[in-house]
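A short write-up of the structure that comes next.
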Amino acid sequence: MSNVQDVQILQFAQNGDERGHLVVVEGQKDIPFAIARIFYIYGSDRSVIRGRHANRKSEFVLINVSGTSKVKVIDGTNEKVISLNRPHMGVYLPKMIWKEMFDFSPDSVLLCLASETYDPAEYIRDYVMYLKEIQSYE
Ligand code: TYD
């Protein structure tokens, strides 16, 4: 079963020169899964908490391509907060990790790469249900 130890900080190469930077993220190479879906979150602020769910199937990599935010990950026993504060870093989230994204800067654009196409049925949005489900696996 997933735990917060499996959450990984990823550092991507910056292909920088005098024109600026270019960061490449290839599925199954720079991140541990093939990319099936991307979405991005912007217009959130310091008062907002997003996420608050776990996924039965999807794995994610989150990258703040502009601005900053934080993500709290919880596995039912341990928790950890990761600051996303550089456009060339990401965080890998395995499936069945509870996640909460918060503390968005006004210029935050949070890019999310996912291993699965969207299926609302694989989202667990109730924390008590999440705890019950992970306990049932033990
Ligand atoms: P939601 O999962 O609540 O966003 P977050 O986890 O960042 O707080 O999604 C917001 C809305 O967008 C919700 O109505 C579902 C929809 N949505 C899709 O249609 N497809 C997707 O891939 C995602 C992530 C969300």
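Here, A, B, ... name the chains of the structure tokens in the order displayed, residue numbers run from 1 inside each chain, and ligands are numbered from 1 in the same displayed order.
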Selection within 10 Å of ligand 1 by only C-alpha atoms and all ligand atoms, output as a list in words: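 If we count only C-alpha atoms and all ligand atoms, the neighbours of ligand 1 turn out to be Arg37, Ile38, Phe39, Tyr40, Ile41, Tyr42, Ser44, Val48, Ile49, Arg50, Gly51, Arg52, His53, Ala54, Lys99, Glu100, Met101, Phe102, Leu110, Cys112, Leu113, Ala114, Glu116, Thr117, Tyr118, Asp119, Pro120, Tyr123 and Arg125 of chain A.
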Contacts of range 16-18 of chain A at 12 Å (only C-alpha atoms; same-chain gap of 5+ positions) as a VMD selection string: chain A and resid 23 to 24 88
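Nearest residue to Ile134 in chain A, choosing from A:Glu122, A:Ser66, A:Gln28, A:Met1 and counting only C-alpha atoms: A:Met1.
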DSSP strand (DSSP E or B) selection over range 31-108 of chain A, as number ranges by chain: A: 31, 37-42, 49-55, 60-66, 69-74, 79-84, 89-93, 98-102
Surrounding residues of range 2-4 of chain A excluding itself and chain neighbours under 5 positions, 10 Å, only C-alpha atoms, as a PyMOL selection string: chain A and resi 72-81+93-98+134
Selection near Phe33 in chain A, 8 Å with only C-alpha atoms, sequence-local residues under 5 positions removed, as a PyMOL selection string: chain A and resi 27-28+59+115
Selected residues written out, all heavy atoms, as a JSON list (two decimals), in the first residue's frame:
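Everything below was put into again_12.json:
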```json
[["chain", "number", "residue", "atom", "x", "y", "z"],
["A", 27, "GLY", "N", 7.00, 11.16, -20.28],
["A", 27, "GLY", "CA", 6.40, 10.04, -19.55],
["A", 27, "GLY", "C", 7.32, 8.84, -19.57],
["A", 27, "GLY", "O", 8.00, 8.59, -20.58],
["A", 28, "GLN", "N", 7.35, 8.12, -18.46],
["A", 28, "GLN", "CA", 8.14, 6.88, -18.28],
["A", 28, "GLN", "C", 9.64, 7.11, -18.38],
["A", 28, "GLN", "O", 10.41, 6.15, -18.45],
["A", 28, "GLN", "CB", 7.71, 5.81, -19.29],
["A", 28, "GLN", "CG", 6.33, 5.29, -18.97],
["A", 28, "GLN", "CD", 5.84, 4.25, -19.94],
["A", 28, "GLN", "OE1", 5.88, 4.46, -21.16],
["A", 28, "GLN", "NE2", 5.39, 3.14, -19.44],
["A", 59, "GLU", "N", -1.90, 8.05, -10.61],
["A", 59, "GLU", "CA", -0.69, 8.62, -10.03],
["A", 59, "GLU", "C", -0.54, 10.01, -10.65],
["A", 59, "GLU", "O", -0.99, 10.24, -11.77],
["A", 59, "GLU", "CB", 0.53, 7.77, -10.41],
["A", 59, "GLU", "CG", 0.43, 6.32, -9.96],
["A", 59, "GLU", "CD", 1.45, 5.46, -10.70],
["A", 59, "GLU", "OE1", 2.66, 5.69, -10.54],
["A", 59, "GLU", "OE2", 1.01, 4.58, -11.46],
["A", 115, "SER", "N", -1.59, 9.71, -14.64],
["A", 115, "SER", "CA", -1.36, 8.44, -15.33],
["A", 115, "SER", "C", -2.64, 7.89, -15.97],
["A", 115, "SER", "O", -2.57, 6.93, -16.73],
["A", 115, "SER", "CB", -0.81, 7.40, -14.35],
["A", 115, "SER", "OG", -1.78, 7.12, -13.35]]
```
Those in chain A with alpha helix (DSSP H) from DSSP, as a list in words: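 The alpha helix (DSSP H) subset of chain A is Tyr127, Val128, Met129, Tyr130, Leu131, Lys132, Glu133, Ile134, Gln135, Ser136 and Tyr137 of chain A.
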Print the selection's residues with all heavy atoms to a file, as an mmCIF file, in the first residue's frame.
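The resulting file, result.cif, is reproduced below:
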```
data_model
loop_
_atom_site.group_PDB
_atom_site.id
_atom_site.type_symbol
_atom_site.label_atom_id
_atom_site.label_comp_id
_atom_site.auth_asym_id
_atom_site.auth_seq_id
_atom_site.Cartn_x
_atom_site.Cartn_y
_atom_site.Cartn_z
ATOM 1 N N TYR A 127 -12.665 11.697 3.664
ATOM 2 C CA TYR A 127 -11.456 11.244 4.377
ATOM 3 C C TYR A 127 -11.724 10.003 5.228
ATOM 4 O O TYR A 127 -10.881 9.097 5.302
ATOM 5 C CB TYR A 127 -10.903 12.387 5.239
ATOM 6 C CG TYR A 127 -9.580 12.045 5.862
ATOM 7 C CD1 TYR A 127 -8.453 11.803 5.075
ATOM 8 C CD2 TYR A 127 -9.451 11.934 7.245
ATOM 9 C CE1 TYR A 127 -7.226 11.467 5.651
ATOM 10 C CE2 TYR A 127 -8.224 11.602 7.821
ATOM 11 C CZ TYR A 127 -7.123 11.371 7.023
ATOM 12 O OH TYR A 127 -5.912 11.036 7.586
ATOM 13 N N VAL A 128 -12.893 9.921 5.839
ATOM 14 C CA VAL A 128 -13.217 8.753 6.672
ATOM 15 C C VAL A 128 -13.313 7.499 5.788
ATOM 16 O O VAL A 128 -12.815 6.424 6.148
ATOM 17 C CB VAL A 128 -14.532 8.996 7.463
ATOM 18 C CG1 VAL A 128 -14.967 7.734 8.191
ATOM 19 C CG2 VAL A 128 -14.333 10.151 8.440
ATOM 20 N N MET A 129 -13.892 7.681 4.606
ATOM 21 C CA MET A 129 -13.981 6.559 3.661
ATOM 22 C C MET A 129 -12.581 6.138 3.196
ATOM 23 O O MET A 129 -12.288 4.948 3.054
ATOM 24 C CB MET A 129 -14.837 6.966 2.465
ATOM 25 C CG MET A 129 -15.346 5.803 1.653
ATOM 26 S SD MET A 129 -16.338 6.390 0.273
ATOM 27 C CE MET A 129 -17.790 6.944 1.116
ATOM 28 N N TYR A 130 -11.723 7.136 2.980
ATOM 29 C CA TYR A 130 -10.324 6.847 2.600
ATOM 30 C C TYR A 130 -9.647 5.998 3.683
ATOM 31 O O TYR A 130 -9.023 4.969 3.381
ATOM 32 C CB TYR A 130 -9.574 8.167 2.380
ATOM 33 C CG TYR A 130 -8.076 8.005 2.329
ATOM 34 C CD1 TYR A 130 -7.456 7.384 1.240
ATOM 35 C CD2 TYR A 130 -7.270 8.457 3.373
ATOM 36 C CE1 TYR A 130 -6.075 7.226 1.203
ATOM 37 C CE2 TYR A 130 -5.893 8.304 3.336
ATOM 38 C CZ TYR A 130 -5.300 7.681 2.252
ATOM 39 O OH TYR A 130 -3.934 7.521 2.227
ATOM 40 N N LEU A 131 -9.802 6.415 4.949
ATOM 41 C CA LEU A 131 -9.158 5.665 6.038
ATOM 42 C C LEU A 131 -9.697 4.234 6.096
ATOM 43 O O LEU A 131 -8.931 3.275 6.253
ATOM 44 C CB LEU A 131 -9.397 6.369 7.378
ATOM 45 C CG LEU A 131 -8.680 7.715 7.563
ATOM 46 C CD1 LEU A 131 -9.056 8.331 8.899
ATOM 47 C CD2 LEU A 131 -7.162 7.554 7.453
ATOM 48 N N LYS A 132 -11.004 4.088 5.930
ATOM 49 C CA LYS A 132 -11.604 2.742 5.950
ATOM 50 C C LYS A 132 -11.051 1.895 4.822
ATOM 51 O O LYS A 132 -10.751 0.715 4.991
ATOM 52 C CB LYS A 132 -13.129 2.853 5.785
ATOM 53 C CG LYS A 132 -13.845 3.140 7.072
ATOM 54 C CD LYS A 132 -15.342 2.930 6.883
ATOM 55 C CE LYS A 132 -16.062 3.425 8.140
ATOM 56 N NZ LYS A 132 -17.291 4.108 7.870
ATOM 57 N N GLU A 133 -10.915 2.523 3.652
ATOM 58 C CA GLU A 133 -10.462 1.765 2.478
ATOM 59 C C GLU A 133 -9.009 1.309 2.639
ATOM 60 O O GLU A 133 -8.683 0.167 2.333
ATOM 61 C CB GLU A 133 -10.660 2.603 1.213
ATOM 62 C CG GLU A 133 -10.691 1.745 -0.021
ATOM 63 C CD GLU A 133 -11.381 2.401 -1.203
ATOM 64 O OE1 GLU A 133 -12.444 3.027 -1.046
ATOM 65 O OE2 GLU A 133 -10.847 2.268 -2.316
ATOM 66 N N ILE A 134 -8.152 2.198 3.146
ATOM 67 C CA ILE A 134 -6.749 1.756 3.299
ATOM 68 C C ILE A 134 -6.622 0.727 4.416
ATOM 69 O O ILE A 134 -5.825 -0.183 4.319
ATOM 70 C CB ILE A 134 -5.739 2.916 3.489
ATOM 71 C CG1 ILE A 134 -6.142 3.849 4.590
ATOM 72 C CG2 ILE A 134 -5.502 3.679 2.209
ATOM 73 C CD1 ILE A 134 -5.070 4.903 4.902
ATOM 74 N N GLN A 135 -7.458 0.847 5.454
ATOM 75 C CA GLN A 135 -7.398 -0.155 6.529
ATOM 76 C C GLN A 135 -7.857 -1.517 6.031
ATOM 77 O O GLN A 135 -7.351 -2.549 6.451
ATOM 78 C CB GLN A 135 -8.238 0.286 7.732
ATOM 79 C CG GLN A 135 -7.496 1.299 8.597
ATOM 80 C CD GLN A 135 -8.410 2.185 9.431
ATOM 81 O OE1 GLN A 135 -9.611 1.918 9.547
ATOM 82 N NE2 GLN A 135 -7.849 3.251 9.986
ATOM 83 N N SER A 136 -8.788 -1.506 5.079
ATOM 84 C CA SER A 136 -9.300 -2.786 4.558
ATOM 85 C C SER A 136 -8.238 -3.516 3.736
ATOM 86 O O SER A 136 -8.348 -4.725 3.522
ATOM 87 C CB SER A 136 -10.570 -2.562 3.725
ATOM 88 O OG SER A 136 -10.211 -1.982 2.484
ATOM 89 N N TYR A 137 -7.213 -2.802 3.268
ATOM 90 C CA TYR A 137 -6.131 -3.434 2.494
ATOM 91 C C TYR A 137 -5.098 -4.075 3.409
ATOM 92 O O TYR A 137 -4.276 -4.843 2.961
ATOM 93 C CB TYR A 137 -5.411 -2.411 1.613
ATOM 94 C CG TYR A 137 -6.257 -1.791 0.515
ATOM 95 C CD1 TYR A 137 -6.076 -0.452 0.165
ATOM 96 C CD2 TYR A 137 -7.194 -2.537 -0.174
ATOM 97 C CE1 TYR A 137 -6.827 0.124 -0.844
ATOM 98 C CE2 TYR A 137 -7.949 -1.949 -1.180
ATOM 99 C CZ TYR A 137 -7.765 -0.627 -1.506
ATOM 100 O OH TYR A 137 -8.505 -0.060 -2.505
#
```
Atom pair CA of Val91 in chain A / CA of Phe12 in chain A: separation (Å):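 Distance between the two atoms: 10.7 Å.
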